[in-house]
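Engineer: Here you go, this is entry26.txt (compact mmCIF, C-alpha atoms).
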```txt
# COMPACT_ATOMS: atom_id res chain seq x y z
CA MET Q 1 31.36 8.61 -38.47
CA CYS Q 2 27.55 8.75 -38.72
CA ARG Q 3 26.03 5.63 -40.26
CA HIS Q 4 22.53 7.08 -40.64
CA SER Q 5 21.02 8.95 -43.56
CA PRO Q 6 19.39 12.37 -43.08
CA ALA Q 7 15.97 10.72 -43.53
CA GLN Q 8 16.72 8.30 -40.70
CA LEU Q 9 17.87 11.10 -38.43
CA LEU Q 10 14.55 12.90 -38.97
CA LEU Q 11 12.44 9.94 -37.85
CA PRO Q 12 12.17 10.85 -34.13
CA PHE Q 13 11.18 14.43 -35.00
CA ARG Q 14 8.50 13.22 -37.40
CA ALA Q 15 7.24 10.84 -34.73
CA MET Q 16 7.08 13.65 -32.18
CA ALA Q 17 5.12 15.75 -34.65
CA GLU Q 18 2.66 12.88 -35.04
CA TRP Q 19 2.33 12.70 -31.26
CA ALA Q 20 1.62 16.42 -31.02
CA LYS Q 21 -1.10 16.15 -33.68
CA ALA Q 22 -2.66 13.06 -32.11
CA LEU Q 23 -2.73 14.59 -28.62
CA ALA Q 24 -4.43 17.82 -29.64
CA GLY Q 25 -7.57 18.38 -27.59
CA ILE Q 26 -6.75 15.88 -24.85
CA LYS Q 27 -8.32 16.91 -21.54
CA GLY Q 28 -7.88 13.85 -19.34
CA LEU Q 29 -5.96 10.68 -18.61
CA LEU Q 30 -7.12 7.27 -17.48
CA LEU Q 31 -4.45 5.27 -15.67
CA ASP Q 32 -4.31 1.55 -15.06
CA ILE Q 33 -2.84 0.74 -11.65
CA SER Q 34 -1.34 -2.75 -11.41
CA GLY Q 35 1.72 -2.98 -13.63
CA VAL Q 36 1.64 0.78 -14.30
CA LEU Q 37 1.79 2.42 -10.89
CA TYR Q 38 2.95 -0.53 -8.85
CA ASP Q 39 3.55 -4.29 -8.79
CA SER Q 40 1.33 -5.99 -6.21
CA GLY Q 41 2.38 -8.64 -3.70
CA GLY Q 42 4.97 -8.92 -0.96
CA GLU Q 43 4.79 -7.99 2.70
CA GLY Q 44 3.89 -4.36 2.08
CA GLY Q 45 1.20 -5.20 -0.43
CA GLY Q 46 3.24 -4.03 -3.39
CA VAL Q 47 6.13 -1.95 -4.69
CA PRO Q 48 5.75 1.33 -6.60
CA ILE Q 49 7.23 1.31 -10.10
CA PRO Q 50 10.01 3.93 -10.31
CA GLY Q 51 8.70 7.37 -11.26
CA SER Q 52 5.02 6.47 -10.88
CA ILE Q 53 4.37 8.41 -7.67
CA GLU Q 54 5.95 11.50 -9.21
CA ALA Q 55 3.99 10.97 -12.44
CA VAL Q 56 0.64 11.04 -10.61
CA LYS Q 57 1.66 14.25 -8.86
CA LYS Q 58 2.61 15.82 -12.18
CA ILE Q 59 -0.74 14.93 -13.73
CA LYS Q 60 -2.67 16.44 -10.85
CA ALA Q 61 -0.57 19.61 -10.95
CA SER Q 62 -1.02 19.93 -14.72
CA GLY Q 63 -4.76 20.57 -14.73
CA LEU Q 64 -5.51 17.45 -16.79
CA LYS Q 65 -8.42 15.42 -15.45
CA LEU Q 66 -7.45 12.05 -14.00
CA GLN Q 67 -9.29 8.81 -13.30
CA PHE Q 68 -7.74 5.51 -12.25
CA CYS Q 69 -9.28 2.61 -14.19
CA THR Q 70 -8.51 -0.78 -12.68
CA ASN Q 71 -9.66 -4.39 -12.78
CA GLU Q 72 -8.51 -4.90 -9.18
CA THR Q 73 -10.85 -7.32 -7.39
CA GLN Q 74 -8.79 -8.60 -4.46
CA ALA Q 75 -9.92 -5.84 -2.11
CA THR Q 76 -12.71 -3.33 -1.68
CA ARG Q 77 -12.12 -0.05 -3.41
CA GLU Q 78 -11.61 1.67 -0.04
CA LYS Q 79 -8.99 -0.83 1.16
CA PHE Q 80 -7.24 -0.77 -2.20
CA VAL Q 81 -6.96 3.03 -2.09
CA GLU Q 82 -5.68 2.90 1.50
CA LYS Q 83 -2.89 0.57 0.37
CA LEU Q 84 -1.92 2.86 -2.50
CA GLN Q 85 -1.89 5.83 -0.14
CA ARG Q 86 0.47 3.96 2.20
CA LEU Q 87 2.75 3.34 -0.77
CA GLY Q 88 2.89 7.11 -1.35
CA PHE Q 89 0.30 7.74 -4.08
CA ASP Q 90 -1.94 10.82 -4.13
CA ILE Q 91 -5.26 9.06 -4.73
CA VAL Q 92 -8.77 9.08 -3.26
CA VAL Q 93 -11.66 6.62 -3.58
CA ASN Q 94 -13.84 8.62 -5.99
CA GLU Q 95 -10.94 8.76 -8.48
CA VAL Q 96 -11.00 4.97 -8.90
CA THR Q 97 -13.26 3.12 -11.33
CA ALA Q 98 -13.33 -0.55 -10.33
CA PRO Q 99 -15.40 -3.61 -11.35
CA ALA Q 100 -17.02 -4.62 -8.04
CA PRO Q 101 -19.04 -1.40 -7.49
CA ALA Q 102 -20.09 -1.49 -11.15
CA ALA Q 103 -21.21 -5.11 -10.78
CA CYS Q 104 -23.28 -4.21 -7.72
CA ARG Q 105 -25.15 -1.59 -9.73
CA ILE Q 106 -25.93 -4.17 -12.42
CA LEU Q 107 -27.10 -6.72 -9.86
CA LYS Q 108 -29.51 -4.22 -8.31
CA GLU Q 109 -30.81 -2.91 -11.62
CA ARG Q 110 -31.51 -6.41 -12.97
CA HIS Q 111 -32.67 -7.96 -9.68
CA LEU Q 112 -29.91 -10.55 -9.81
CA ARG Q 113 -28.89 -12.58 -6.76
CA PRO Q 114 -25.26 -13.66 -7.10
CA HIS Q 115 -23.32 -16.73 -6.14
CA LEU Q 116 -19.92 -15.17 -5.46
CA LEU Q 117 -16.64 -16.69 -6.60
CA VAL Q 118 -14.40 -13.83 -5.53
CA HIS Q 119 -11.54 -12.98 -3.20
CA ASP Q 120 -12.48 -12.91 0.51
CA ASP Q 121 -11.33 -9.29 0.80
CA VAL Q 122 -13.74 -8.02 -1.89
CA VAL Q 123 -16.84 -9.73 -0.44
CA PRO Q 124 -17.78 -6.63 1.66
CA GLU Q 125 -18.48 -4.77 -1.62
CA PHE Q 126 -21.52 -7.03 -1.99
CA ASP Q 127 -22.89 -6.60 1.56
CA GLY Q 128 -26.03 -4.81 0.37
CA ILE Q 129 -26.84 -7.40 -2.29
CA ASP Q 130 -29.40 -10.18 -1.86
CA LYS Q 131 -27.60 -13.52 -2.31
CA ALA Q 132 -30.42 -15.91 -1.39
CA SER Q 133 -31.35 -18.48 -4.06
CA PRO Q 134 -28.70 -17.32 -6.58
CA ASN Q 135 -29.78 -16.71 -10.16
CA CYS Q 136 -26.34 -15.71 -11.45
CA VAL Q 137 -22.63 -16.10 -10.72
CA VAL Q 138 -20.15 -13.29 -10.17
CA ILE Q 139 -16.51 -14.26 -10.68
CA GLY Q 140 -13.50 -12.11 -9.81
CA ASP Q 141 -9.80 -12.60 -9.12
CA ALA Q 142 -10.36 -15.06 -6.28
CA ALA Q 143 -6.69 -16.11 -6.01
CA ASP Q 144 -6.52 -19.09 -3.61
CA ASN Q 145 -10.32 -19.35 -3.62
CA PHE Q 146 -10.05 -20.78 -7.14
CA SER Q 147 -10.22 -24.35 -5.85
CA TYR Q 148 -11.87 -27.25 -7.67
CA LYS Q 149 -14.73 -27.25 -5.15
CA ASN Q 150 -15.43 -23.54 -5.52
CA LEU Q 151 -15.30 -23.66 -9.31
CA ASN Q 152 -17.55 -26.70 -9.33
CA ASP Q 153 -20.04 -24.98 -6.99
CA ALA Q 154 -20.20 -22.03 -9.41
CA PHE Q 155 -20.63 -24.46 -12.32
CA ARG Q 156 -23.53 -26.19 -10.58
CA VAL Q 157 -25.32 -22.89 -10.00
CA LEU Q 158 -24.98 -21.90 -13.66
CA ILE Q 159 -25.84 -25.26 -15.17
CA GLY Q 160 -28.98 -25.41 -13.05
CA LEU Q 161 -30.37 -22.11 -14.31
CA GLU Q 162 -32.74 -21.84 -17.25
CA ASN Q 163 -31.05 -18.59 -18.32
CA PRO Q 164 -27.58 -18.66 -16.76
CA VAL Q 165 -25.85 -15.32 -16.19
CA LEU Q 166 -22.11 -15.11 -15.54
CA LEU Q 167 -20.72 -11.69 -14.62
CA SER Q 168 -16.93 -11.56 -14.78
CA LEU Q 169 -15.01 -8.78 -13.04
CA GLY Q 170 -12.51 -8.45 -15.88
CA LYS Q 171 -11.15 -11.00 -18.34
CA GLY Q 172 -7.37 -10.76 -17.92
CA ARG Q 173 -5.19 -13.79 -18.61
CA TYR Q 174 -2.51 -13.00 -16.06
CA TYR Q 175 -0.88 -10.16 -14.16
CA LYS Q 176 2.43 -9.46 -12.50
CA GLU Q 177 3.18 -9.46 -8.78
CA THR Q 178 6.52 -8.93 -7.08
CA ASP Q 179 7.22 -12.68 -7.08
CA GLY Q 180 6.20 -13.30 -10.69
CA LEU Q 181 3.18 -13.80 -12.94
CA LYS Q 182 -0.21 -14.96 -11.63
CA LEU Q 183 -3.23 -16.38 -13.46
CA ASP Q 184 -6.06 -13.85 -13.69
CA VAL Q 185 -9.84 -14.20 -13.64
CA GLY Q 186 -10.18 -14.65 -17.40
CA VAL Q 187 -8.72 -18.16 -17.25
CA TYR Q 188 -11.42 -19.35 -14.83
CA MET Q 189 -14.13 -17.36 -16.59
CA LYS Q 190 -13.34 -19.25 -19.79
CA ALA Q 191 -13.54 -22.59 -17.95
CA LEU Q 192 -17.10 -21.82 -16.78
CA GLU Q 193 -18.07 -20.53 -20.23
CA TYR Q 194 -16.86 -23.75 -21.81
CA ALA Q 195 -18.46 -26.03 -19.23
CA CYS Q 196 -21.85 -24.30 -19.41
CA ASP Q 197 -21.76 -23.33 -23.09
CA ILE Q 198 -22.47 -19.69 -22.28
CA GLN Q 199 -20.95 -16.24 -22.86
CA SER Q 200 -20.01 -14.19 -19.82
CA GLU Q 201 -20.75 -10.51 -19.37
CA VAL Q 202 -17.53 -8.66 -18.58
CA VAL Q 203 -17.75 -5.91 -15.96
CA GLY Q 204 -14.38 -4.19 -16.15
CA LYS Q 205 -11.78 -3.63 -18.82
CA PRO Q 206 -12.00 -4.08 -21.81
CA ALA Q 207 -15.80 -3.57 -21.71
CA LYS Q 208 -16.87 -0.35 -23.42
CA MET Q 209 -19.43 0.42 -20.72
CA PHE Q 210 -16.71 0.28 -18.06
CA PHE Q 211 -14.52 2.79 -19.86
CA GLN Q 212 -17.55 4.98 -20.50
CA SER Q 213 -18.37 5.08 -16.80
CA ALA Q 214 -14.85 6.36 -16.07
CA LEU Q 215 -15.22 9.04 -18.75
CA THR Q 216 -18.56 10.07 -17.28
CA GLU Q 217 -16.90 10.55 -13.89
CA MET Q 218 -14.39 12.85 -15.60
CA GLY Q 219 -16.99 14.73 -17.63
CA ILE Q 220 -15.18 14.31 -20.95
CA GLU Q 221 -15.73 12.51 -24.26
CA PRO Q 222 -13.68 9.52 -25.51
CA HIS Q 223 -11.75 11.58 -28.09
CA GLN Q 224 -10.59 13.88 -25.27
CA ALA Q 225 -8.95 11.11 -23.24
CA VAL Q 226 -5.85 8.91 -23.28
CA MET Q 227 -5.74 5.54 -21.54
CA ILE Q 228 -2.35 4.40 -20.22
CA GLY Q 229 -1.86 0.75 -19.29
CA ASP Q 230 0.39 -2.28 -19.56
CA ASP Q 231 -2.12 -4.65 -21.20
CA ILE Q 232 -2.32 -4.39 -25.00
CA VAL Q 233 -5.74 -6.10 -25.07
CA ASN Q 234 -7.67 -4.93 -22.00
CA ASP Q 235 -6.13 -1.45 -21.59
CA VAL Q 236 -5.03 -0.34 -25.05
CA GLY Q 237 -7.43 -2.34 -27.19
CA GLY Q 238 -10.41 -1.73 -24.92
CA ALA Q 239 -9.81 2.02 -24.84
CA GLN Q 240 -9.41 2.20 -28.61
CA GLN Q 241 -12.68 0.33 -29.10
CA CYS Q 242 -14.30 2.97 -26.93
CA GLY Q 243 -12.94 5.78 -29.11
CA MET Q 244 -10.01 6.83 -26.94
CA LYS Q 245 -6.33 7.04 -27.70
CA ALA Q 246 -4.15 4.66 -25.73
CA LEU Q 247 -0.54 4.24 -24.65
CA GLN Q 248 1.20 1.11 -23.43
CA VAL Q 249 3.92 1.37 -20.80
CA ARG Q 250 6.73 -1.15 -20.86
CA THR Q 251 6.29 -2.29 -17.29
CA GLY Q 252 4.05 -4.92 -15.71
CA LYS Q 253 3.11 -7.59 -18.25
CA TYR Q 254 4.33 -5.58 -21.28
CA SER Q 255 7.35 -7.61 -22.42
CA LEU Q 256 5.46 -10.88 -22.54
CA PHE Q 257 2.56 -9.38 -24.50
CA MET Q 258 4.53 -7.55 -27.14
CA HIS Q 259 4.89 -10.27 -29.73
CA THR Q 260 1.68 -12.21 -29.08
CA HIS Q 261 -0.86 -9.46 -29.82
CA PRO Q 262 -0.27 -7.51 -33.05
CA THR Q 263 -3.16 -5.10 -32.43
CA PRO Q 264 -1.96 -1.61 -33.44
CA ALA Q 265 -1.36 0.63 -30.45
CA PHE Q 266 -0.64 4.30 -30.07
CA LYS Q 267 2.58 3.40 -28.27
CA CYS Q 268 4.73 3.25 -31.43
CA MET Q 269 4.53 6.09 -33.92
CA GLY Q 270 6.10 6.40 -37.34
CA PRO Q 271 8.01 3.83 -39.40
CA LYS Q 272 10.18 1.12 -37.94
CA PRO Q 273 13.24 2.92 -36.53
CA MET Q 274 16.78 2.03 -37.53
CA MET Q 275 18.58 4.29 -35.09
CA GLU Q 276 20.76 3.80 -32.08
CA ASP Q 277 19.62 5.10 -28.71
CA LYS Q 278 21.91 8.15 -28.88
CA PHE Q 279 19.73 9.67 -31.59
CA PHE Q 280 16.65 9.79 -29.35
CA PRO Q 281 16.02 12.48 -26.72
CA ASP Q 282 16.46 11.19 -23.18
CA GLY Q 283 13.21 9.69 -21.88
CA LEU Q 284 11.67 9.45 -25.35
CA LYS Q 285 13.80 6.87 -27.09
CA ASN Q 286 11.66 3.92 -26.00
CA THR Q 287 8.52 5.65 -27.18
CA PHE Q 288 9.42 5.32 -30.81
CA CYS Q 289 11.57 2.18 -30.83
CA SER Q 290 9.39 -0.85 -31.47
CA THR Q 291 12.27 -3.20 -32.22
CA LYS Q 292 13.59 -3.64 -28.68
CA ILE Q 293 11.97 -4.76 -25.45
CA ARG Q 294 12.90 -2.60 -22.48
CA ASP Q 295 11.32 -3.32 -19.12
CA LYS Q 296 12.34 0.09 -17.74
CA PHE Q 297 10.09 2.30 -19.86
CA THR Q 298 7.87 3.55 -17.08
CA LEU Q 299 4.94 5.92 -16.73
CA LEU Q 300 6.88 9.13 -16.00
CA PRO Q 301 8.35 9.76 -19.50
CA TYR Q 302 4.90 9.28 -21.03
CA ILE Q 303 3.37 11.82 -18.69
CA GLY Q 304 5.97 14.42 -19.63
CA LEU Q 305 5.35 13.75 -23.31
CA VAL Q 306 1.56 13.97 -22.99
CA MET Q 307 1.67 17.19 -20.97
CA ASN Q 308 4.17 18.80 -23.34
CA ASN Q 309 1.82 18.21 -26.26
CA THR Q 310 -1.54 18.98 -24.61
CA GLN Q 311 -0.72 22.26 -22.94
CA LYS Q 312 0.77 24.29 -25.77
```
Could you take the file, read its structure, and then write that structure out as structure tokens?

Structural biologist:
Amino acid sequence: MCRHSPAQLLLPFRAMAEWAKALAGIKGLLLDISGVLYDSGGEGGGVPIPGSIEAVKKIKASGLKLQFCTNETQATREKFVEKLQRLGFDIVVNEVTAPAPAACRILKERHLRPHLLVHDDVVPEFDGIDKASPNCVVIGDAADNFSYKNLNDAFRVLIGLENPVLLSLGKGRYYKETDGLKLDVGVYMKALEYACDIQSEVVGKPAKMFFQSALTEMGIEPHQAVMIGDDIVNDVGGAQQCGMKALQVRTGKYSLFMHTHPTPAFKCMGPKPMMEDKFFPDGLKNTFCSTKIRDKFTLLPYIGLVMNNTQK
């Protein structure tokens, strides 16, 4: 015997209608990588999230423009792409917008000479940059290089400058690897901000300029793009501040973020649902159900939904 009223049964169809309206005119997608396409770590460098390799193929076959927008700073862009290719992803270097190359452009334009507090594997990105007599600090996800000595060295550079400049390659709190959660660059960025009484300049998500550079690569305007990520603040919130629509997958760091950041996201449409899973079409039920946490809502169902509503 059905326990739901006719109005309740219509909720998923109303939500899908809202999706179709909201996705009208979409010409391109921006995809986060870590926590959306794969979880990093382990002997092979990471593990693809189920359905993500197929999802990328579907996007490229659909005619939608695609740019990968990542805060990855533990490898050069070239090495990072090589790893993703080994994992099975159809991706090339010029499809990836990453913080280190953007930071290098800023350093050259402003004649800044950085003291680097970054991962050893991303240092080659800065090979063409003058680092003598530093007049700024660049901080990235340095992982094991985040020692007391290295942080204190960066502090001493900043505190000794008349006009200290701290460029941070992202501002994430943490991210997920195959063996669990790891502290991200934002934690150490905040420590230097506090110690030096300064405000950092973020090069990476959620900075508006970073998203805009990805859109420029695609040749589209913010209202024509959807950002898909696992971080409600840096992916979803940053994209919305830039004028884009945004979706949050329920992989990566999703489940831990859900109840700590109430910022509205495009991920849940319509009123709070009161239905059981059997009333939702397969692959869509998690899209509209904001009352349950499911770690298995991956990228692939979203891609099908976006393409179904943008190519009519």

Engineer: Calculated over all atoms listed in the file, which of the candidates Q:Leu29, Q:Ile159, Q:Val123, Q:Pro206 has the smallest distance to Ser62 in chain Q?

Structural biologist: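 When distances to Ser62 in chain Q are compared using all atoms listed in the file, the smallest one comes from Q:Leu29.
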
Engineer: List every residue of range 41-133 of chain Q that has an atom at most 10 Å from any atom of range 210-222 of chain Q, and for each one report the closest atom pair and its distance in Å to one decimal, counting only C-alpha atoms, with rows sorted by chain and then by increasing residue number, as a Markdown table.

Structural biologist:
```
| residue | atom | partner | partner_atom | distance |
| --- | --- | --- | --- | --- |
| Q:Lys65 | CA | Q:Met218 | CA | 6.5 |
| Q:Leu66 | CA | Q:Met218 | CA | 7.2 |
| Q:Gln67 | CA | Q:Ala214 | CA | 6.7 |
| Q:Phe68 | CA | Q:Ala214 | CA | 8.1 |
| Q:Cys69 | CA | Q:Ala214 | CA | 7.0 |
| Q:Thr70 | CA | Q:Phe210 | CA | 9.9 |
| Q:Asn71 | CA | Q:Phe210 | CA | 10.0 |
| Q:Asn94 | CA | Q:Glu217 | CA | 8.7 |
| Q:Glu95 | CA | Q:Glu217 | CA | 8.2 |
| Q:Val96 | CA | Q:Ala214 | CA | 8.3 |
| Q:Thr97 | CA | Q:Ala214 | CA | 6.0 |
| Q:Ala98 | CA | Q:Phe210 | CA | 8.5 |
| Q:Pro99 | CA | Q:Phe210 | CA | 7.9 |
| Q:Ala102 | CA | Q:Phe210 | CA | 7.9 |
```

Engineer: So how far away is CA of Ala143 in chain Q from CA of Arg110 in chain Q, in Å?

Structural biologist: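 Going from CA of Arg110 in chain Q over to CA of Ala143 in chain Q covers 27.5 Å.
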
Engineer: Give me the residues near Leu37 in chain Q as a ChimeraX atom specification, where near means some atom within 6 Å (using all atoms listed in the file) and where sequence neighbours in that chain fewer than 3 positions away do not count.

Structural biologist: /Q:33,48-49,52

Engineer: Measuring atom to atom with only C-alpha atoms, identify which of Q:Arg113, Q:Lys253, Q:Lys205, Q:Arg105 is nearest to Glu177 in chain Q.

Structural biologist: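 Looking at the shortest contact to Glu177 in chain Q, the residue is Q:Lys253.
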
Engineer: So, with all atoms listed in the file as the atoms that count, which of Q:Gly204, Q:Gly170, Q:Pro101, Q:Pro134 lies closest to Leu158 in chain Q?

Structural biologist: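 Of Q:Gly204, Q:Gly170, Q:Pro101, Q:Pro134, the one nearest Leu158 in chain Q is Q:Pro134, counting all atoms listed in the file.
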
Engineer: So, with only C-alpha atoms as the atoms that count, which of Q:Ile91, Q:Cys242, Q:Leu84, Q:Val165 lies closest to Ile59 in chain Q?

Structural biologist: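 Closest to Ile59 in chain Q, using only C-alpha atoms: Q:Ile91.
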
Engineer: How many Å separate CA of Asp184 in chain Q from CA of His223 in chain Q?

Structural biologist: 29.8 Å

Engineer: Of the candidates Q:Ile232, Q:Val47, Q:Leu30, Q:Leu112, which one gets nearest to Leu64 in chain Q if we count all atoms listed in the file?

Structural biologist: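 Result for the nearest residue to Leu64 in chain Q: Q:Leu30.
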
Engineer: Name the closest residue to Ser168 in chain Q among the candidates Q:Val118, Q:Val138, Q:Leu183, Q:Ile129; distances are taken between atoms, counting only C-alpha atoms.

Structural biologist: Q:Val138
